[in-house]
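Content type CSV, C-alpha atoms and all ligand atoms, from the file data-v6.csv:
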```csv
chain,number,residue,atom,x,y,z
A,1178,MET,CA,0.0,0.0,0.0
A,1179,ARG,CA,1.3,3.5,-0.9
A,1180,ARG,CA,0.7,5.9,1.9
A,1181,SER,CA,0.1,9.5,2.6
A,1182,ALA,CA,2.5,12.4,3.3
A,1183,PRO,CA,5.1,13.5,3.6
A,1184,LEU,CA,6.3,13.0,0.0
A,1185,ALA,CA,10.1,12.7,0.0
A,1186,PRO,CA,12.2,14.9,-2.4
A,1187,GLY,CA,12.2,13.4,-5.8
A,1188,ALA,CA,9.1,11.3,-5.1
A,1189,ARG,CA,7.2,10.4,-8.3
A,1190,VAL,CA,3.7,11.9,-8.4
A,1191,GLY,CA,1.2,10.9,-11.1
A,1192,LEU,CA,-0.8,13.4,-13.0
A,1193,THR,CA,-4.2,12.6,-14.6
A,1194,THR,CA,-3.9,15.6,-16.9
A,1195,THR,CA,-2.0,18.8,-17.2
A,1196,ILE,CA,-2.1,20.7,-14.0
A,1197,PRO,CA,0.2,23.5,-12.8
A,1198,VAL,CA,3.4,21.4,-13.0
A,1199,GLU,CA,5.4,24.3,-11.8
A,1200,VAL,CA,4.1,23.6,-8.3
A,1201,VAL,CA,5.1,19.9,-8.4
A,1202,LEU,CA,8.6,20.8,-9.6
A,1203,ALA,CA,8.9,23.6,-7.0
A,1204,ALA,CA,8.2,21.0,-4.3
A,1205,GLY,CA,11.1,19.0,-5.5
A,1206,LEU,CA,8.9,16.2,-6.8
A,1207,THR,CA,8.9,14.3,-10.1
A,1208,PRO,CA,5.8,14.6,-12.2
A,1209,VAL,CA,4.6,11.6,-14.2
A,1210,ASP,CA,1.8,12.1,-16.7
A,1211,LEU,CA,-0.1,8.9,-16.4
A,1212,ASN,CA,-1.7,9.2,-19.8
A,1213,ASN,CA,1.8,9.3,-21.4
A,1214,LEU,CA,3.0,6.5,-19.2
A,1215,PHE,CA,0.1,4.4,-20.3
A,1216,ILE,CA,0.2,5.0,-24.0
A,1217,ALA,CA,4.0,4.6,-24.2
A,1218,ASP,CA,3.7,1.2,-22.4
A,1219,PRO,CA,4.4,-1.7,-24.7
A,1220,LEU,CA,1.6,-3.4,-22.9
A,1221,ALA,CA,-0.9,-0.5,-23.3
A,1222,LEU,CA,-3.6,-2.6,-24.9
A,1223,ALA,CA,-3.2,-5.3,-22.3
A,1224,ARG,CA,-3.5,-2.7,-19.5
A,1225,VAL,CA,-7.0,-1.8,-20.7
A,1226,SER,CA,-8.0,-5.5,-20.5
A,1227,GLN,CA,-6.4,-5.8,-17.1
A,1228,ALA,CA,-8.6,-2.9,-15.8
A,1229,GLU,CA,-11.7,-4.6,-17.3
A,1230,ALA,CA,-10.7,-7.9,-15.6
A,1231,ALA,CA,-10.5,-5.9,-12.4
A,1232,GLY,CA,-14.1,-4.8,-12.9
A,1233,PHE,CA,-14.0,-1.6,-15.0
A,1234,PRO,CA,-16.8,-1.6,-17.5
A,1235,ARG,CA,-16.3,-2.1,-21.2
A,1236,THR,CA,-18.3,1.1,-21.8
A,1237,LEU,CA,-15.7,3.3,-20.1
A,1238,CYS,CA,-13.1,5.5,-21.7
A,1239,ALA,CA,-9.9,3.4,-22.2
A,1240,TRP,CA,-7.7,6.3,-21.0
A,1241,ILE,CA,-9.2,5.8,-17.5
A,1242,LYS,CA,-8.7,2.1,-17.6
A,1243,GLY,CA,-5.2,2.5,-18.9
A,1244,ILE,CA,-4.2,5.0,-16.2
A,1245,TYR,CA,-5.6,2.7,-13.5
A,1246,ALA,CA,-3.7,-0.4,-14.7
A,1247,VAL,CA,-0.5,1.3,-15.5
A,1248,LEU,CA,-0.5,2.9,-12.0
A,1249,LEU,CA,-0.7,-0.6,-10.4
A,1250,ALA,CA,2.3,-1.6,-12.5
A,1251,HIS,CA,4.3,1.3,-11.2
A,1252,PRO,CA,4.4,1.1,-7.4
A,1253,GLU,CA,7.1,3.7,-7.3
A,1254,ILE,CA,4.5,6.4,-8.0
A,1255,GLN,CA,3.7,7.5,-4.5
A,1256,ALA,CA,0.7,9.8,-5.0
A,1257,VAL,CA,-1.6,11.0,-7.8
A,1258,ILE,CA,-2.8,14.5,-8.4
A,1259,ALA,CA,-6.3,14.0,-9.9
A,1260,ALA,CA,-8.0,16.9,-11.7
A,1261,CYS,CA,-11.4,16.2,-10.1
A,1262,GLN,CA,-12.9,19.2,-11.9
A,1263,GLY,CA,-12.0,20.4,-15.4
A,1264,ASP,CA,-11.2,16.9,-16.7
A,1265,CYS,CA,-14.2,14.5,-16.4
A,1266,SER,CA,-16.3,12.7,-13.8
A,1267,ASN,CA,-14.5,9.5,-14.7
A,1268,THR,CA,-11.3,11.0,-13.3
A,1269,GLN,CA,-13.2,11.9,-10.1
A,1270,ALA,CA,-14.4,8.3,-9.8
A,1271,LEU,CA,-11.0,6.9,-10.6
A,1272,GLY,CA,-9.5,9.0,-7.8
A,1273,GLU,CA,-12.0,7.5,-5.4
A,1274,ILE,CA,-11.1,4.0,-6.4
A,1275,LEU,CA,-7.4,4.7,-6.2
A,1276,ALA,CA,-7.9,6.1,-2.7
A,1277,THR,CA,-9.7,3.0,-1.6
A,1278,GLU,CA,-6.8,1.0,-2.8
A,1279,GLY,CA,-4.4,2.9,-0.6
A,1280,ILE,CA,-3.0,5.3,-3.2
A,1281,GLU,CA,-2.7,8.9,-2.0
A,1282,VAL,CA,-4.9,11.1,-4.1
A,1283,ILE,CA,-4.5,14.9,-4.1
A,1284,HIS,CA,-7.4,16.7,-5.7
A,1285,PHE,CA,-7.0,19.7,-8.0
A,1286,LYS,CA,-10.0,21.6,-9.3
A,1287,PHE,CA,-10.0,23.8,-12.3
A,1288,PRO,CA,-12.8,26.2,-11.5
A,1289,TYR,CA,-15.9,26.0,-13.7
A,1290,PRO,CA,-16.7,28.5,-14.9
A,1291,ARG,CA,-13.3,30.0,-15.3
A,1292,ASP,CA,-12.5,32.1,-12.3
A,1293,ARG,CA,-9.3,33.8,-11.4
A,1294,GLU,CA,-9.7,33.9,-7.6
A,1295,GLN,CA,-10.8,30.3,-7.3
A,1296,LEU,CA,-7.9,29.1,-9.5
A,1297,ALA,CA,-5.4,31.1,-7.4
A,1298,ARG,CA,-6.8,29.4,-4.3
A,1299,GLU,CA,-6.5,26.0,-5.9
A,1300,ILE,CA,-2.9,26.6,-6.9
A,1301,SER,CA,-2.1,27.8,-3.4
A,1302,ALA,CA,-3.8,24.8,-1.8
A,1303,LEU,CA,-1.8,22.5,-4.0
A,1304,ALA,CA,1.4,24.3,-3.2
A,1305,ASN,CA,0.6,24.0,0.6
A,1306,ARG,CA,-0.1,20.4,0.2
A,1307,LEU,CA,3.0,19.6,-1.6
A,1308,GLY,CA,5.2,21.9,0.5
A,1309,ALA,CA,6.2,24.4,-2.2
A,1310,ASP,CA,6.5,28.0,-1.3
A,1311,HIS,CA,5.4,30.9,-3.5
A,1312,GLU,CA,9.0,32.0,-4.3
A,1313,ALA,CA,10.0,28.5,-5.3
A,1314,VAL,CA,7.0,28.2,-7.6
A,1315,ALA,CA,7.8,31.6,-9.2
A,1316,ARG,CA,11.5,30.5,-9.7
A,1317,VAL,CA,10.3,27.3,-11.5
A,1318,GLN,CA,7.9,29.3,-13.7
A,1319,ALA,CA,10.8,31.6,-14.7
A,1320,ARG,CA,13.0,28.6,-15.2
A,1321,LEU,CA,10.5,27.1,-17.6
A,1322,THR,CA,10.0,30.3,-19.6
A,1323,PRO,CA,12.8,29.7,-22.2
A,1324,LEU,CA,11.8,26.1,-22.5
A,1325,ARG,CA,8.2,27.0,-23.2
A,1326,ARG,CA,9.5,29.5,-25.8
A,1327,GLN,CA,11.4,26.7,-27.5
A,1328,LEU,CA,8.2,24.7,-27.6
A,1329,ARG,CA,6.5,27.6,-29.3
A,1330,ARG,CA,9.4,27.7,-31.8
A,1331,LEU,CA,8.9,24.0,-32.5
A,1332,ASP,CA,5.3,24.6,-33.1
A,1333,ARG,CA,6.0,27.4,-35.6
A,1334,LEU,CA,8.5,25.2,-37.4
A,1335,THR,CA,5.6,22.8,-37.8
A,1336,TRP,CA,3.1,25.1,-39.4
A,1337,GLU,CA,5.3,27.8,-40.9
A,1338,THR,CA,8.0,25.8,-42.6
A,1339,GLY,CA,7.1,22.2,-42.1
A,1340,GLN,CA,10.6,21.5,-40.8
A,1341,VAL,CA,9.0,19.7,-37.8
A,1342,HIS,CA,6.7,16.8,-38.8
A,1343,GLY,CA,3.3,16.3,-37.3
A,1344,GLN,CA,4.2,13.3,-35.2
A,1345,GLU,CA,7.3,15.1,-33.8
A,1346,ASN,CA,5.1,18.1,-33.0
A,1347,PHE,CA,2.7,15.9,-31.2
A,1348,HIS,CA,5.4,14.0,-29.3
A,1349,TRP,CA,7.1,17.1,-27.9
A,1350,LEU,CA,4.0,19.0,-27.0
A,1351,ILE,CA,2.2,16.1,-25.4
A,1352,SER,CA,5.2,15.4,-23.2
A,1353,SER,CA,5.4,18.9,-22.0
A,1354,SER,CA,2.8,18.1,-19.3
A,1355,ASP,CA,5.5,16.5,-17.2
A,1356,PHE,CA,8.6,17.1,-19.3
A,1357,ALA,CA,8.9,13.4,-19.6
A,1358,SER,CA,9.6,13.3,-15.9
A,1359,ASP,CA,13.1,14.7,-16.3
A,1360,LEU,CA,13.2,18.4,-17.0
A,1361,THR,CA,16.9,18.8,-17.6
A,1362,ASP,CA,17.1,15.9,-20.0
A,1363,TYR,CA,13.9,17.0,-21.8
A,1364,GLU,CA,15.3,20.5,-22.3
A,1365,GLN,CA,18.6,19.2,-23.6
A,1366,ARG,CA,17.0,16.8,-26.0
A,1367,LEU,CA,14.6,19.5,-27.2
A,1368,THR,CA,17.4,22.0,-27.8
A,1369,ALA,CA,19.3,19.3,-29.8
A,1370,PHE,CA,16.2,18.4,-31.7
A,1371,LEU,CA,15.5,22.0,-32.7
A,1372,GLN,CA,19.0,22.6,-33.8
A,1373,GLU,CA,18.7,19.6,-36.1
A,1374,ALA,CA,15.2,20.5,-37.3
A,1375,GLU,CA,16.3,24.0,-38.2
A,1376,GLN,CA,18.9,22.6,-40.6
A,1377,ARG,CA,16.2,20.7,-42.6
A,1378,PRO,CA,14.9,22.2,-45.8
A,1379,PRO,CA,11.4,23.6,-45.6
A,1380,ALA,CA,8.7,21.2,-46.6
A,1381,ALA,CA,7.5,21.3,-50.2
A,1382,ASN,CA,4.2,23.1,-50.9
A,1383,GLY,CA,1.2,21.1,-52.0
A,1384,ARG,CA,0.6,19.0,-48.9
A,1385,VAL,CA,-2.9,19.0,-47.4
A,1386,ARG,CA,-2.7,21.0,-44.1
A,1387,LEU,CA,-4.7,19.3,-41.4
A,1388,GLY,CA,-5.4,20.2,-37.8
A,1389,PHE,CA,-6.4,17.8,-35.0
A,1390,ALA,CA,-9.1,18.9,-32.5
A,1391,GLY,CA,-10.0,17.1,-29.4
A,1392,ILE,CA,-8.5,14.6,-27.0
A,1393,PRO,CA,-5.1,13.3,-27.9
A,1394,PRO,CA,-5.7,10.3,-30.2
A,1395,ILE,CA,-5.2,6.8,-28.7
A,1396,LEU,CA,-4.6,5.4,-32.1
A,1397,THR,CA,-1.0,4.4,-32.7
A,1398,ASP,CA,-0.3,4.9,-36.4
A,1399,LEU,CA,-2.2,8.1,-37.4
A,1400,TRP,CA,0.7,10.3,-38.4
A,1401,PRO,CA,2.6,7.9,-40.6
A,1402,TYR,CA,-0.6,7.1,-42.4
A,1403,LEU,CA,-1.5,10.7,-43.0
A,1404,GLU,CA,2.1,11.4,-44.2
A,1405,GLU,CA,1.7,8.5,-46.6
A,1406,LEU,CA,-1.5,10.2,-47.9
A,1407,GLY,CA,0.4,13.5,-48.5
A,1408,ALA,CA,-1.2,15.3,-45.5
A,1409,ALA,CA,0.7,17.3,-42.9
A,1410,VAL,CA,-0.7,17.7,-39.4
A,1411,VAL,CA,0.2,21.3,-38.5
A,1412,TYR,CA,-1.9,21.8,-35.4
A,1413,HIS,CA,-2.7,19.7,-32.4
A,1414,GLU,CA,-5.3,21.5,-30.2
A,1415,PHE,CA,-4.8,19.9,-26.8
A,1416,PRO,CA,-1.1,19.0,-26.9
A,1417,ARG,CA,-0.4,22.6,-27.9
A,1418,GLN,CA,-2.5,23.7,-24.9
A,1419,PHE,CA,-0.6,21.4,-22.6
A,1420,SER,CA,2.6,23.3,-23.6
A,1421,MET,CA,1.2,26.6,-22.3
A,1422,PRO,CA,1.4,28.6,-25.6
A,1423,TYR,CA,0.6,32.0,-24.1
A,1424,GLU,CA,3.5,33.6,-22.3
A,1425,SER,CA,2.7,35.2,-19.0
A,1426,PRO,CA,4.7,36.0,-15.9
A,1427,ASP,CA,1.6,35.3,-13.9
A,1428,LEU,CA,1.1,31.6,-13.2
A,1429,VAL,CA,-2.7,32.0,-12.5
A,1430,GLU,CA,-3.1,33.9,-15.8
A,1431,GLN,CA,-1.2,31.1,-17.6
A,1432,TYR,CA,-3.6,28.4,-16.3
A,1433,LEU,CA,-6.6,30.6,-16.9
A,1434,ARG,CA,-5.8,30.9,-20.6
A,1435,TYR,CA,-5.2,27.2,-20.9
A,1436,THR,CA,-8.4,26.1,-22.7
A,1437,TYR,CA,-8.6,22.3,-21.9
A,1438,PRO,CA,-10.4,22.4,-18.6
A,1439,TYR,CA,-12.9,25.1,-19.3
A,1440,ASP,CA,-15.8,25.8,-21.5
A,1441,ILE,CA,-16.1,25.1,-25.2
A,1442,GLY,CA,-16.2,28.9,-26.0
A,1443,GLY,CA,-12.5,29.2,-25.1
A,1444,ARG,CA,-11.7,26.2,-27.2
A,1445,LEU,CA,-13.6,27.5,-30.2
A,1446,ALA,CA,-11.7,30.8,-30.1
A,1447,ASP,CA,-8.4,28.9,-30.0
A,1448,LEU,CA,-9.5,26.7,-32.9
A,1449,LYS,CA,-10.7,29.6,-35.0
A,1450,GLU,CA,-7.4,31.3,-34.6
A,1451,ALA,CA,-5.5,28.2,-35.5
A,1452,VAL,CA,-7.6,27.6,-38.6
A,1453,ALA,CA,-6.9,31.1,-39.9
A,1454,THR,CA,-3.2,31.5,-38.8
A,1455,ARG,CA,-2.1,28.0,-39.9
A,1456,ARG,CA,-4.1,28.0,-43.1
A,1457,LEU,CA,-5.8,24.7,-42.4
A,1458,ASP,CA,-7.5,22.9,-45.2
A,1459,GLY,CA,-9.4,20.7,-42.9
A,1460,LEU,CA,-9.8,19.6,-39.3
A,1461,VAL,CA,-10.0,16.1,-38.0
A,1462,HIS,CA,-12.0,15.9,-34.8
A,1463,TYR,CA,-10.7,13.0,-32.8
A,1464,THR,CA,-13.3,11.7,-30.3
A,1465,GLN,CA,-12.7,9.1,-27.7
A,1466,SER,CA,-15.2,6.3,-27.2
A,1467,PHE,CA,-17.4,6.9,-24.1
A,1468,CYS,CA,-16.0,10.4,-23.6
A,1469,PHE,CA,-18.5,13.2,-22.8
A,1470,ARG,CA,-16.5,15.5,-25.2
A,1471,GLN,CA,-18.0,13.7,-28.1
A,1472,MET,CA,-21.0,15.9,-27.5
A,1473,PHE,CA,-19.1,18.9,-28.8
A,1474,ASP,CA,-18.8,17.4,-32.3
A,1475,GLN,CA,-21.9,19.0,-33.7
A,1476,PHE,CA,-21.0,22.3,-32.0
A,1477,LEU,CA,-17.6,22.4,-33.7
A,1478,ARG,CA,-19.3,21.6,-37.1
A,1479,ASP,CA,-21.7,24.4,-36.6
A,1480,HIS,CA,-19.2,27.0,-35.6
A,1481,LEU,CA,-16.1,26.3,-37.7
A,1482,ASP,CA,-16.0,27.2,-41.3
A,1483,LEU,CA,-13.9,24.4,-42.8
A,1484,PRO,CA,-14.3,20.8,-43.7
A,1485,LEU,CA,-14.3,18.6,-40.6
A,1486,LEU,CA,-14.0,14.9,-40.3
A,1487,THR,CA,-14.8,13.1,-37.1
A,1488,ILE,CA,-13.1,9.9,-36.2
A,1489,GLU,CA,-13.4,7.8,-33.1
A,1490,GLY,CA,-10.9,5.6,-31.3
A,1491,ASP,CA,-11.4,3.3,-28.4
A,1492,ARG,CA,-8.3,1.3,-27.5
A,1493,PRO,CA,-4.6,1.8,-28.2
A,1494,THR,CA,-4.6,0.0,-31.6
A,1495,ARG,CA,-3.7,0.7,-35.2
A,1496,LEU,CA,-6.2,2.5,-37.4
A,1497,ASP,CA,-9.0,0.2,-38.5
A,1498,SER,CA,-9.7,-0.1,-42.3
A,1499,ARG,CA,-12.9,2.0,-42.1
A,1500,THR,CA,-11.1,4.9,-40.5
A,1501,ARG,CA,-8.2,4.6,-42.9
A,1502,MET,CA,-10.6,4.8,-45.8
A,1503,ARG,CA,-12.4,7.8,-44.4
A,1504,LEU,CA,-9.1,9.6,-43.8
A,1505,GLU,CA,-8.0,8.8,-47.3
A,1506,ALA,CA,-11.3,10.1,-48.8
A,1507,PHE,CA,-11.1,13.3,-46.7
A,1508,VAL,CA,-7.5,14.1,-47.8
A,1509,ASP,CA,-8.4,13.4,-51.4
A,1510,VAL,CA,-11.2,15.9,-51.3
A,1511,LEU,CA,-9.0,18.5,-49.8
A,1512,ARG,CA,-6.0,17.9,-52.1
A,1513,PRO,CA,-5.2,21.1,-54.0
B,1601,LIG,S1,-10.9,11.0,-22.9
B,1601,LIG,FE1,-12.8,12.0,-22.0
B,1601,LIG,S2,-13.7,10.4,-20.7
B,1601,LIG,FE2,-11.5,9.8,-21.1
B,1601,LIG,S3,-10.3,10.6,-19.4
B,1601,LIG,FE3,-10.3,12.1,-21.1
B,1601,LIG,S4,-12.0,13.6,-20.6
B,1601,LIG,FE4,-12.3,11.7,-19.4
```
Before anything else, please render the file you have as structure tokens.
Amino acid sequence: MRRSAPLAPGARVGLTTTIPVEVVLAAGLTPVDLNNLFIADPLALARVSQAEAAGFPRTLCAWIKGIYAVLLAHPEIQAVIAACQGDCSNTQALGEILATEGIEVIHFKFPYPRDREQLAREISALANRLGADHEAVARVQARLTPLRRQLRRLDRLTWETGQVHGQENFHWLISSSDFASDLTDYEQRLTAFLQEAEQRPPAANGRVRLGFAGIPPILTDLWPYLEELGAAVVYHEFPRQFSMPYESPDLVEQYLRYTYPYDIGGRLADLKEAVATRRLDGLVHYTQSFCFRQMFDQFLRDHLDLPLLTIEGDRPTRLDSRTRMRLEAFVDVLRP
């Protein structure tokens, strides 16, 4: 059984989604994004089945089942910070189950609706719980500023020049939620990657420019398949949000502008801006089976003025033939 406080310096703390990681780092702890841990696990598909064998329903989002099972396989993770508001009610229920199994669960609530004072209180409460003082959090935020700028640079190299490929863009942005659990190493690798990418010739014109909206896809071979079709993915909505794309010296402001945990209106503004700035030809709306966010599909169709294809994934598998055909037809229609 993993037990409550105090968390020793360097202790590994699981995250159910992107929360103010500056606080975790300021407390001297090691953040571990459980989504990334699950999806990178060679046994990812088996993890979902393991959770089902433990009683989780078939009709439940596979990310939740994967997080549960991968956590059991990693007893070195001493506590979990669960976003019990701003993510989904499944995360809340998962937190309760983990707590009954002896895993320490620390709750973090993104205020709904978006509210500056409440968010400031939540960040302070998290800092108090983890033992991070205000100055240490501010130092970490300043420490991360150049790194976050590098991530913005990487994103620009994706949509402006095509020197960074879609899958690379996804990889770096999605892993900025916990900096792959090793900030220094992540930063060094990112610096080296950017130096190499900047030497590449700009991508040729004529590719279909796609964006991805919605939850990070659980499907494993999307990007190579789209590349094969001659399409470039130049925008990933949520991974970009996880990288904190708006620079602000105010941590509360930074997490207020982060669109993922709040209302669809903020997401829509971000999507509209991306469609225009990145000159998207089409948008793929990825939806996760059994996720409440599927309900926004029609809203996005009604409010975005570009071709939109909705695909759905359930488990961490390769694309099925029907989805491959639909993607192929979509890219063909958009081809200049
Ligand atoms: S994909 Fe949807 S249902 Fe699954 S954990 Fe994320 S928000 Fe919750």
Show me a table, sorted first by chain and then by increasing residue number, of the residues of chain A having an atom at most 12 Å from ligand LIG 1601 (chain B), each with its shortest atom pair and the distance in Å to one decimal, counting only C-alpha atoms and all ligand atoms and written as a Markdown table.
```
| residue | atom | partner | partner_atom | distance |
| --- | --- | --- | --- | --- |
| A:Leu1192 | CA | B:LIG1601 | S3 | 11.8 |
| A:Thr1193 | CA | B:LIG1601 | S3 | 8.0 |
| A:Thr1194 | CA | B:LIG1601 | FE3 | 8.4 |
| A:Thr1195 | CA | B:LIG1601 | FE3 | 11.4 |
| A:Leu1211 | CA | B:LIG1601 | S3 | 10.8 |
| A:Asn1212 | CA | B:LIG1601 | S3 | 8.7 |
| A:Thr1236 | CA | B:LIG1601 | S2 | 10.4 |
| A:Leu1237 | CA | B:LIG1601 | S2 | 7.4 |
| A:Cys1238 | CA | B:LIG1601 | FE2 | 4.6 |
| A:Ala1239 | CA | B:LIG1601 | FE2 | 6.7 |
| A:Trp1240 | CA | B:LIG1601 | FE2 | 5.2 |
| A:Ile1241 | CA | B:LIG1601 | S3 | 5.3 |
| A:Lys1242 | CA | B:LIG1601 | S3 | 8.8 |
| A:Gly1243 | CA | B:LIG1601 | S3 | 9.6 |
| A:Ile1244 | CA | B:LIG1601 | S3 | 8.9 |
| A:Tyr1245 | CA | B:LIG1601 | S3 | 10.9 |
| A:Ala1259 | CA | B:LIG1601 | S3 | 10.9 |
| A:Ala1260 | CA | B:LIG1601 | S3 | 10.2 |
| A:Cys1261 | CA | B:LIG1601 | FE4 | 10.4 |
| A:Gln1262 | CA | B:LIG1601 | S4 | 10.4 |
| A:Gly1263 | CA | B:LIG1601 | S4 | 8.6 |
| A:Asp1264 | CA | B:LIG1601 | S4 | 5.2 |
| A:Cys1265 | CA | B:LIG1601 | FE4 | 4.5 |
| A:Ser1266 | CA | B:LIG1601 | FE4 | 7.0 |
| A:Asn1267 | CA | B:LIG1601 | FE4 | 5.6 |
| A:Thr1268 | CA | B:LIG1601 | S3 | 6.2 |
| A:Gln1269 | CA | B:LIG1601 | FE4 | 9.3 |
| A:Ala1270 | CA | B:LIG1601 | FE4 | 10.4 |
| A:Leu1271 | CA | B:LIG1601 | S3 | 9.6 |
| A:Gly1272 | CA | B:LIG1601 | S3 | 11.7 |
| A:Gly1391 | CA | B:LIG1601 | S1 | 9.0 |
| A:Ile1392 | CA | B:LIG1601 | S1 | 6.0 |
| A:Pro1393 | CA | B:LIG1601 | S1 | 8.0 |
| A:Pro1394 | CA | B:LIG1601 | S1 | 9.0 |
| A:Ile1395 | CA | B:LIG1601 | S1 | 9.2 |
| A:Phe1415 | CA | B:LIG1601 | FE3 | 11.1 |
| A:Tyr1437 | CA | B:LIG1601 | S4 | 9.4 |
| A:Pro1438 | CA | B:LIG1601 | S4 | 9.2 |
| A:Tyr1439 | CA | B:LIG1601 | S4 | 11.6 |
| A:Tyr1463 | CA | B:LIG1601 | S1 | 10.1 |
| A:Thr1464 | CA | B:LIG1601 | S1 | 7.8 |
| A:Gln1465 | CA | B:LIG1601 | S1 | 5.5 |
| A:Ser1466 | CA | B:LIG1601 | S1 | 7.7 |
| A:Phe1467 | CA | B:LIG1601 | S2 | 6.1 |
| A:Cys1468 | CA | B:LIG1601 | S2 | 3.7 |
| A:Phe1469 | CA | B:LIG1601 | FE1 | 5.9 |
| A:Arg1470 | CA | B:LIG1601 | FE1 | 6.0 |
| A:Gln1471 | CA | B:LIG1601 | FE1 | 8.2 |
| A:Met1472 | CA | B:LIG1601 | FE1 | 10.6 |
| A:Phe1473 | CA | B:LIG1601 | FE1 | 11.6 |
| A:Glu1489 | CA | B:LIG1601 | S1 | 11.0 |
| A:Gly1490 | CA | B:LIG1601 | S1 | 10.0 |
| A:Asp1491 | CA | B:LIG1601 | S1 | 9.5 |
| A:Arg1492 | CA | B:LIG1601 | S1 | 11.0 |
```
Which of A:Gln1327, A:Ser1301, A:Thr1436, A:Gln1255 sits closest to Tyr1363 in chain A [using all atoms listed in the file]
A:Gln1327
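Interatomic distance, CA of Gly1187 in chain A against CA of Ala1276 in chain A: 21.6 Å.
Among the candidate residues A:Glu1299, A:Asp1218, A:Asp1210, A:Asp1310, the one lying nearest to Leu1433 in chain A is A:Glu1299, with distances computed using all atoms listed in the file.
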Students should find that CA of Arg1224 in chain A and CA of Arg1366 in chain A are spaced 29.0 Å
I'd like the interatomic distance between CA of Glu1312 in chain A and CA of Ile1196 in chain A, to a tenth of an Å.
18.6 Å
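Closest approach to Pro1219 in chain A from the set A:Arg1377, A:Ser1420, A:Val1247, A:Gln1340 is made by A:Val1247, with distances taken over only C-alpha atoms.
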A:Asp1427, A:Asp1458, A:Asp1509, A:Glu1404 ranked by distance to Pro1484 in chain A, top pick (using all atoms listed in the file):
A:Asp1458
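Non-sequential neighbours of Leu1184 in chain A (distance at most 10 Å, separation of 5 or more positions within a chain, only C-alpha atoms) are Arg1189, Val1190, Ala1204, Gly1205, Leu1206, Gln1255, Ala1256, Arg1306, Leu1307 and Gly1308 of chain A.
Shortest separation to Tyr1412 in chain A among A:Arg1320, A:Arg1495, A:Arg1434, A:His1462 occurs at residue A:His1462, atoms counted being all atoms listed in the file.
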Counting only C-alpha atoms, find residues at most 6 Å from (-0.3, 24.7, -21.3) (file frame) and give them as a PyMOL selection string.
chain A and resi 1418-1421+1435
Those same residues - C-alpha atoms - I'd like them written as a PDB file, in the coordinates of the input.
```pdb
ATOM      1  CA  GLN A1418      -2.500  23.700 -24.900  1.00  0.00           C
ATOM      2  CA  PHE A1419      -0.600  21.400 -22.600  1.00  0.00           C
ATOM      3  CA  SER A1420       2.600  23.300 -23.600  1.00  0.00           C
ATOM      4  CA  MET A1421       1.200  26.600 -22.300  1.00  0.00           C
ATOM      5  CA  TYR A1435      -5.200  27.200 -20.900  1.00  0.00           C
TER       6      TYR A1435
END
```
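In this comparison, which uses only C-alpha atoms, the residue of A:Pro1208, A:Pro1186, A:Pro1252, A:Pro1197 approaching Ser1352 in chain A most closely is A:Pro1208.
Using all atoms listed in the file, the protein and nucleic acid residues lying no more than 9 Å from Gln1344 in chain A, apart from those fewer than 6 places from it along its own chain, are Leu1399, Trp1400, Pro1401 and Val1410 of chain A.
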